[in-house]
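**Q** query.csv is the file, holding CSV, C-alpha atoms:
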```csv
chain,number,residue,atom,x,y,z
A,178,MET,CA,21.6,-14.6,3.5
A,179,ALA,CA,18.7,-15.0,1.1
A,180,GLY,CA,18.2,-11.2,1.0
A,181,ALA,CA,21.9,-10.6,0.3
A,182,LEU,CA,21.9,-13.2,-2.5
A,183,GLY,CA,18.8,-11.5,-4.0
A,184,LEU,CA,20.5,-8.1,-4.0
A,185,ALA,CA,23.7,-9.6,-5.4
A,186,ALA,CA,21.7,-11.3,-8.2
A,187,PHE,CA,20.0,-8.0,-9.0
A,188,ALA,CA,23.3,-6.2,-9.2
A,189,VAL,CA,24.8,-8.9,-11.5
A,190,LEU,CA,21.8,-8.8,-13.8
A,191,TRP,CA,22.0,-5.0,-13.9
A,192,TRP,CA,25.7,-5.1,-14.8
A,193,TRP,CA,25.1,-7.8,-17.4
A,194,GLY,CA,22.3,-5.8,-19.0
A,195,SER,CA,24.3,-2.6,-19.1
A,196,GLU,CA,27.2,-4.4,-20.8
A,197,ARG,CA,25.0,-5.7,-23.6
A,198,THR,CA,22.6,-2.8,-24.2
A,199,ARG,CA,22.8,0.9,-24.7
A,200,PHE,CA,19.6,1.9,-22.8
A,201,ILE,CA,20.6,0.5,-19.4
A,202,PRO,CA,23.0,2.8,-17.5
A,203,PRO,CA,26.1,1.2,-15.9
A,204,ILE,CA,25.5,0.4,-12.2
A,205,GLY,CA,28.7,2.1,-11.1
A,206,GLU,CA,27.9,5.4,-12.7
A,207,THR,CA,24.3,5.3,-11.5
A,208,LEU,CA,25.2,4.6,-7.9
A,209,ALA,CA,27.9,7.3,-8.0
A,210,ALA,CA,25.3,9.8,-9.1
A,211,TYR,CA,22.8,8.8,-6.3
A,212,PRO,CA,24.1,11.2,-3.6
A,213,ALA,CA,23.7,14.2,-5.9
A,214,PHE,CA,20.3,13.0,-6.9
A,215,LEU,CA,19.2,12.8,-3.2
A,216,ALA,CA,20.4,16.4,-2.8
A,217,SER,CA,18.6,17.7,-5.8
A,218,GLY,CA,15.3,18.6,-4.2
A,219,ILE,CA,13.4,15.3,-4.5
A,220,TRP,CA,12.0,15.2,-1.0
A,221,GLY,CA,9.1,17.5,-1.6
A,222,ASP,CA,7.7,15.1,-4.2
A,223,ILE,CA,8.4,12.1,-2.1
A,224,GLY,CA,6.6,13.7,0.9
A,225,ALA,CA,3.6,14.6,-1.3
A,226,SER,CA,3.3,11.0,-2.5
A,227,ALA,CA,3.8,9.6,1.0
A,228,VAL,CA,1.0,11.9,2.4
A,229,ARG,CA,-1.3,10.7,-0.4
A,230,VAL,CA,-0.5,7.1,0.3
A,231,VAL,CA,-1.1,7.3,4.1
A,232,LEU,CA,-4.3,9.3,3.9
A,233,ALA,CA,-5.8,7.3,1.1
A,234,LEU,CA,-4.8,4.0,2.8
A,235,ALA,CA,-6.4,5.2,6.0
A,236,THR,CA,-9.6,6.0,4.1
A,237,ALA,CA,-9.5,2.5,2.5
A,238,VAL,CA,-9.0,0.8,5.8
A,239,ALA,CA,-12.0,2.7,7.3
A,240,LEU,CA,-14.2,1.9,4.3
A,241,GLY,CA,-13.1,-1.7,4.3
A,242,ALA,CA,-13.9,-2.1,8.0
A,243,VAL,CA,-17.4,-0.7,7.6
A,244,ALA,CA,-17.9,-2.9,4.5
A,245,ALA,CA,-16.7,-6.0,6.4
A,246,TRP,CA,-19.0,-5.3,9.3
A,247,VAL,CA,-22.0,-4.9,7.1
A,248,ILE,CA,-21.3,-8.0,5.1
A,249,VAL,CA,-20.8,-10.2,8.2
A,250,ARG,CA,-24.1,-9.0,9.7
A,251,GLY,CA,-25.9,-10.4,6.6
A,252,GLY,CA,-29.2,-9.3,5.1
A,253,PHE,CA,-30.1,-7.0,2.2
A,254,TRP,CA,-27.3,-4.5,2.7
A,255,ALA,CA,-24.7,-7.2,3.0
A,256,ARG,CA,-25.6,-8.4,-0.5
A,257,VAL,CA,-25.4,-4.8,-1.8
A,258,VAL,CA,-22.0,-4.0,-0.2
A,259,SER,CA,-20.7,-7.4,-1.4
A,260,ARG,CA,-21.5,-6.4,-5.0
A,261,TYR,CA,-19.6,-3.1,-4.6
A,262,VAL,CA,-16.6,-5.0,-3.1
A,263,ASP,CA,-16.7,-7.4,-6.1
A,264,LEU,CA,-17.0,-4.5,-8.5
A,265,ALA,CA,-14.0,-2.7,-6.9
A,266,LEU,CA,-11.9,-5.9,-7.1
A,267,GLY,CA,-12.5,-6.1,-10.9
A,268,LEU,CA,-11.7,-2.5,-11.7
A,269,PRO,CA,-8.3,-1.9,-13.3
A,270,SER,CA,-6.3,0.8,-11.6
A,271,VAL,CA,-5.6,2.5,-14.9
A,272,LEU,CA,-9.3,2.8,-15.7
A,273,VAL,CA,-10.0,4.2,-12.2
A,274,ALA,CA,-7.2,6.7,-12.7
A,275,LEU,CA,-8.6,7.8,-16.1
A,276,LEU,CA,-12.1,8.1,-14.7
A,277,ALA,CA,-10.9,10.2,-11.7
A,278,LEU,CA,-9.0,12.5,-14.1
A,279,MET,CA,-12.2,13.0,-16.2
A,280,VAL,CA,-14.3,13.7,-13.1
A,281,PHE,CA,-11.9,15.6,-10.8
A,282,LYS,CA,-9.5,17.0,-13.5
A,283,ARG,CA,-6.0,17.5,-12.2
A,284,SER,CA,-6.7,17.6,-8.5
A,285,GLU,CA,-5.7,15.8,-5.3
A,286,ALA,CA,-9.2,14.4,-4.8
A,287,GLY,CA,-8.7,12.2,-7.9
A,288,VAL,CA,-5.6,10.6,-6.5
A,289,PHE,CA,-7.2,9.9,-3.1
A,290,LEU,CA,-10.2,8.3,-4.9
A,291,VAL,CA,-8.1,6.1,-7.1
A,292,VAL,CA,-6.0,4.7,-4.2
A,293,ALA,CA,-9.0,4.3,-1.9
A,294,VAL,CA,-11.1,2.4,-4.5
A,295,ALA,CA,-8.1,0.2,-5.4
A,296,CYS,CA,-7.3,-0.8,-1.9
A,297,PHE,CA,-10.5,-0.9,0.1
A,298,PRO,CA,-11.9,-4.2,-1.3
A,299,PHE,CA,-8.8,-6.1,-0.3
A,300,VAL,CA,-9.1,-4.7,3.2
A,301,ALA,CA,-12.8,-5.5,3.4
A,302,ILE,CA,-12.1,-9.1,2.4
A,303,SER,CA,-9.4,-9.6,5.0
A,304,LEU,CA,-11.4,-8.0,7.8
A,305,ARG,CA,-14.5,-10.0,6.8
A,306,GLN,CA,-12.5,-13.2,7.2
A,307,GLY,CA,-11.4,-12.0,10.6
A,308,LEU,CA,-14.9,-11.2,11.8
A,309,ALA,CA,-16.2,-14.5,10.4
A,310,ALA,CA,-13.4,-16.4,12.2
A,311,MET,CA,-14.2,-14.8,15.5
A,312,GLY,CA,-17.3,-17.0,16.2
A,313,HIS,CA,-19.6,-16.7,19.2
A,314,GLN,CA,-17.3,-18.2,21.9
A,315,LEU,CA,-15.4,-15.0,22.6
A,316,ALA,CA,-18.6,-12.9,22.5
A,317,ASP,CA,-20.3,-15.3,24.9
A,318,MET,CA,-17.2,-15.2,27.2
A,319,ALA,CA,-17.4,-11.4,27.3
A,320,SER,CA,-21.1,-11.5,28.0
A,321,VAL,CA,-20.6,-14.0,30.9
A,322,TYR,CA,-18.0,-11.8,32.5
A,323,ARG,CA,-20.1,-8.7,31.9
A,324,PHE,CA,-17.5,-6.8,29.9
A,325,GLY,CA,-20.0,-4.4,28.4
A,326,THR,CA,-19.8,-2.9,24.9
A,327,VAL,CA,-16.7,-0.7,25.3
A,328,ARG,CA,-14.6,-3.4,27.1
A,329,SER,CA,-15.7,-6.0,24.7
A,330,VAL,CA,-14.5,-4.0,21.8
A,331,ARG,CA,-11.3,-3.0,23.6
A,332,HIS,CA,-10.3,-6.4,24.9
A,333,VAL,CA,-12.0,-8.9,22.6
A,334,LEU,CA,-12.9,-7.5,19.2
A,335,LEU,CA,-9.9,-5.3,18.5
A,336,PRO,CA,-7.2,-7.8,19.6
A,337,HIS,CA,-8.8,-10.5,17.5
A,338,LEU,CA,-8.9,-8.2,14.4
A,339,VAL,CA,-5.4,-6.7,14.8
A,340,PRO,CA,-3.6,-9.5,12.9
A,341,TYR,CA,-6.0,-9.3,10.0
A,342,ALA,CA,-5.8,-5.5,9.9
A,343,MET,CA,-2.0,-5.4,10.1
A,344,SER,CA,-1.8,-8.0,7.4
A,345,SER,CA,-4.1,-6.1,5.1
A,346,VAL,CA,-2.3,-2.8,5.8
A,347,ARG,CA,1.1,-4.3,5.0
A,348,ASN,CA,-0.2,-5.9,1.8
A,349,GLU,CA,-2.1,-2.8,0.6
A,350,TYR,CA,0.7,-0.4,1.6
A,351,ALA,CA,2.8,-1.5,-1.4
A,352,HIS,CA,-0.3,-1.7,-3.6
A,353,ALA,CA,-1.2,1.9,-2.6
A,354,TRP,CA,2.3,3.2,-3.5
A,355,ARG,CA,2.0,1.6,-7.0
A,356,VAL,CA,-1.5,3.0,-7.5
A,357,VAL,CA,-0.6,6.5,-6.3
A,358,VAL,CA,2.4,6.7,-8.7
A,359,LEU,CA,0.1,5.6,-11.5
A,360,ALA,CA,-2.5,8.2,-10.5
A,361,GLU,CA,0.1,11.0,-10.2
A,362,ILE,CA,1.2,10.3,-13.8
A,363,PHE,CA,-2.3,11.2,-15.0
A,364,ALA,CA,-3.8,13.6,-12.4
A,365,VAL,CA,-1.3,15.9,-10.6
A,366,ASN,CA,1.9,17.9,-11.2
A,367,SER,CA,3.7,16.7,-8.1
A,368,GLY,CA,4.9,13.5,-6.5
A,369,VAL,CA,7.0,10.5,-7.6
A,370,GLY,CA,4.7,9.6,-10.5
A,371,HIS,CA,5.0,13.1,-11.9
A,372,ARG,CA,8.8,13.0,-11.7
A,373,PHE,CA,8.8,9.6,-13.4
A,374,THR,CA,6.8,11.1,-16.3
A,375,GLN,CA,9.2,14.0,-16.5
A,376,ALA,CA,12.2,11.8,-16.7
A,377,PHE,CA,10.6,9.5,-19.3
A,378,ASP,CA,9.4,12.3,-21.5
A,379,ARG,CA,12.9,13.9,-21.6
A,380,PHE,CA,14.6,10.5,-22.2
A,381,LEU,CA,16.6,10.9,-18.9
A,382,ILE,CA,17.2,7.2,-18.4
A,383,ASP,CA,19.7,7.8,-15.6
A,384,GLU,CA,17.2,9.8,-13.6
A,385,LEU,CA,14.5,7.3,-14.3
A,386,VAL,CA,16.6,4.5,-12.9
A,387,LEU,CA,17.5,6.7,-9.9
A,388,TRP,CA,13.8,7.2,-9.2
A,389,LEU,CA,13.2,3.5,-9.5
A,390,ILE,CA,15.9,2.8,-6.9
A,391,THR,CA,14.4,5.5,-4.6
A,392,PHE,CA,11.0,3.9,-5.0
A,393,ILE,CA,12.3,0.5,-4.0
A,394,VAL,CA,14.2,1.9,-1.1
A,395,LEU,CA,11.1,3.7,0.1
A,396,LEU,CA,9.0,0.5,0.0
A,397,LEU,CA,11.5,-1.8,1.6
A,398,GLY,CA,12.6,0.8,4.2
A,399,SER,CA,9.1,1.6,5.4
A,400,GLU,CA,8.2,-2.2,5.4
A,401,TYR,CA,11.1,-3.2,7.6
A,402,LEU,CA,11.6,0.0,9.7
A,403,VAL,CA,8.0,1.0,10.2
A,404,LEU,CA,5.3,-1.5,9.4
A,405,ARG,CA,6.9,-4.7,10.8
A,406,PRO,CA,8.0,-3.1,14.1
A,407,LEU,CA,4.5,-1.6,14.3
A,408,GLU,CA,3.0,-5.0,13.8
A,409,LYS,CA,5.3,-6.6,16.3
A,410,PHE,CA,4.3,-3.9,18.9
A,411,ALA,CA,0.6,-4.3,18.2
A,412,LEU,CA,0.8,-8.1,18.6
A,413,ARG,CA,3.1,-8.0,21.7
A,414,TRP,CA,0.3,-9.5,23.8
A,415,ARG,CA,0.6,-12.8,21.9
A,416,GLY,CA,4.1,-13.4,23.3
A,417,ASP,CA,6.2,-15.9,21.3
A,418,ARG,CA,3.5,-16.5,18.8
A,419,SER,CA,3.9,-13.0,17.3
```
Here is a file; write its structure as structure tokens.
**A**
Amino acid sequence: MAGALGLAAFAVLWWWGSERTRFIPPIGETLAAYPAFLASGIWGDIGASAVRVVLALATAVALGAVAAWVIVRGGFWARVVSRYVDLALGLPSVLVALLALMVFKRSEAGVFLVVAVACFPFVAISLRQGLAAMGHQLADMASVYRFGTVRSVRHVLLPHLVPYAMSSVRNEYAHAWRVVVLAEIFAVNSGVGHRFTQAFDRFLIDELVLWLITFIVLLLGSEYLVLRPLEKFALRWRGDRS
């Protein structure tokens, strides 16, 4: 009910804005043009952006896991890695995108770097909290029952970290999409961000709105159809608490 009310309020605001301005296209005309827009060859750009998001986010998760493990262990390298995490947290995505454009020119590497740098500190913080919350009781239990390294990781460490990892992936997935669109505006000639720029430069407001709708549908669809079911499957061992 709350979701339906939110969509209805959005539609009403859209209609109200189109009635009182000249730069907001009418909602009826926009939705009527949507089927033709979907058939106009947009899927190659959507696929390119999706691949960049998935690969860069996977890289960010791997880097964040390593950073979290080093920080929890303590010592000199923990302080060094903590400073890098703090630095990445404070870097604006626009600045990172511009620096990547200067270094890598118009290449795929720049896009991956921007998304990975923007997302990995948040993953590192989440996993660090998970490792810190684990305590010594579970490790002592695994030692008492002689689990060994492989079984301890499989049956103790990973199940404990899965909620933290899935939470960070869900949060950073939307963040990664926003950053990759921003990076595509500066760095490459393909993807959703590039098509946004084309529509904006040509003053194609209707096409720009259609791309915005597609972007929202992609985020919400992948959230409710992919990420949440995946999280539920990964946490099925928790029973009713999941």
**Q** Neighbours of Ser270 (chain A) within 12 Å (only C-alpha atoms; same-chain residues fewer than 3 positions away dropped), as number ranges by chain?
**A** A: 265-267, 273-277, 288, 290-296, 352-353, 355-360, 363
**Q** Write out as a list in words each polymer residue whose atoms come within 9 Å of Thr391 (chain A), counting only C-alpha atoms; drop sequence neighbours fewer than 5 positions from it.
**A**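 Skipping anything fewer than 5 positions along the chain leaves Leu215, Val386 and Leu396 of chain A.
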**Q** For a cutoff of 10 Å around the file-coordinate point (-4.2, 14.3, -4.6), which residues qualify once you count only C-alpha atoms? I'd like the result as a VMD selection string.
**A** chain A and resid 225 to 226 228 to 230 232 to 233 281 283 to 292 357 360 to 361 364 to 368
**Q** Write out as an MDAnalysis selection string each polymer residue whose atoms come within 9 Å of Leu385 (chain A), counting all atoms listed in the file; drop sequence neighbours fewer than 2 positions from it.
**A** chainID A and resid 372:377 380:383 387:390
**Q** Find the residues around Trp246 (chain A) up to 12 Å (only C-alpha atoms counted), leave out those fewer than 6 positions away in its own chain, and share them as a list in words.
**A** Ala239, Leu240, Gly252, Trp254, Ala255, Val258, Ser259, Val300, Ala301, Ile302, Ser303, Leu304, Arg305, Gln306, Gly307, Leu308, Ala309, Leu334 and Leu338 of chain A
**Q** To one decimal place in Å, what is the distance between CA of Ala316 (chain A) and CA of Ala411 (chain A)?
**A**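 If I compute the distance from CA of Ala316 (chain A) to CA of Ala411 (chain A), I get 21.5 Å.
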**Q** Just checking: using all atoms listed in the file, which residue out of A:His337, A:Arg331, A:Arg256, A:Lys282 ends up closest to Arg415 (chain A)?
**A** A:His337
**Q** Every residue with an atom at most 9 Å from (-0.9, -6.5, 10.1) (file coordinates; only C-alpha atoms) is what I'm after, so could you write them as a VMD selection string?
**A** chain A and resid 339 to 348 404 to 405 407 to 409 411 to 412
**Q** Select, from A:Gln314, A:Ser320, A:Ser399, A:Thr326, the residue with the minimum atom-to-atom distance to Ala351 (chain A), counting all atoms listed in the file.
**A** A:Ser399
**Q** What does the distance from CA of Ala179 (chain A) to CA of Leu395 (chain A) come to in Å, to one decimal?
**A**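 Answer for the CA of Ala179 (chain A) to CA of Leu395 (chain A) separation: 20.2 Å.
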**Q** May I ask for the distance between CA of Phe200 (chain A) and CA of Ala216 (chain A), given in Å to one decimal place?
**A** 24.7 Å
**Q** For Leu184 (chain A), which residue among A:Ile393, A:Ala319, A:Ala235, A:Thr207 is the nearest when counting all atoms listed in the file?
**A**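 Smallest distance to Leu184 (chain A) is found for A:Ile393.
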**Q** Might you pull out every residue within 10 Å of Val333 (chain A), with all atoms listed in the file counted and same-chain residues fewer than 6 positions away left off, and present them as number ranges by chain?
**A** A: 311, 315-316, 318-319, 324, 327
**Q** Render region 195-219 of chain A from the structure in the preceding block as a file of C-alpha atoms, as a PDB file, in the first residue's frame.
**A**
```pdb
ATOM      1  CA  SER A 195       3.665  19.176 -16.800  1.00  0.00           C
ATOM      2  CA  GLU A 196       0.505  21.276 -16.528  1.00  0.00           C
ATOM      3  CA  ARG A 197       2.378  24.294 -15.164  1.00  0.00           C
ATOM      4  CA  THR A 198       5.668  24.192 -17.062  1.00  0.00           C
ATOM      5  CA  ARG A 199       6.816  23.821 -20.643  1.00  0.00           C
ATOM      6  CA  PHE A 200       9.911  21.720 -19.972  1.00  0.00           C
ATOM      7  CA  ILE A 201       8.231  18.706 -18.308  1.00  0.00           C
ATOM      8  CA  PRO A 202       6.602  16.404 -20.906  1.00  0.00           C
ATOM      9  CA  PRO A 203       3.068  15.170 -20.175  1.00  0.00           C
ATOM     10  CA  ILE A 204       2.968  11.832 -18.398  1.00  0.00           C
ATOM     11  CA  GLY A 205       0.494  10.319 -20.858  1.00  0.00           C
ATOM     12  CA  GLU A 206       2.554  11.128 -23.920  1.00  0.00           C
ATOM     13  CA  THR A 207       5.741   9.936 -22.259  1.00  0.00           C
ATOM     14  CA  LEU A 208       4.305   6.583 -21.220  1.00  0.00           C
ATOM     15  CA  ALA A 209       2.744   6.120 -24.673  1.00  0.00           C
ATOM     16  CA  ALA A 210       6.193   6.571 -26.247  1.00  0.00           C
ATOM     17  CA  TYR A 211       7.855   4.097 -23.863  1.00  0.00           C
ATOM     18  CA  PRO A 212       7.246   0.873 -25.888  1.00  0.00           C
ATOM     19  CA  ALA A 213       8.840   2.416 -28.968  1.00  0.00           C
ATOM     20  CA  PHE A 214      11.721   3.641 -26.828  1.00  0.00           C
ATOM     21  CA  LEU A 215      12.353   0.112 -25.512  1.00  0.00           C
ATOM     22  CA  ALA A 216      12.474  -1.180 -29.084  1.00  0.00           C
ATOM     23  CA  SER A 217      14.896   1.516 -30.282  1.00  0.00           C
ATOM     24  CA  GLY A 218      18.137  -0.351 -29.539  1.00  0.00           C
ATOM     25  CA  ILE A 219      18.810   0.770 -25.976  1.00  0.00           C
TER      26      ILE A 219
END
```
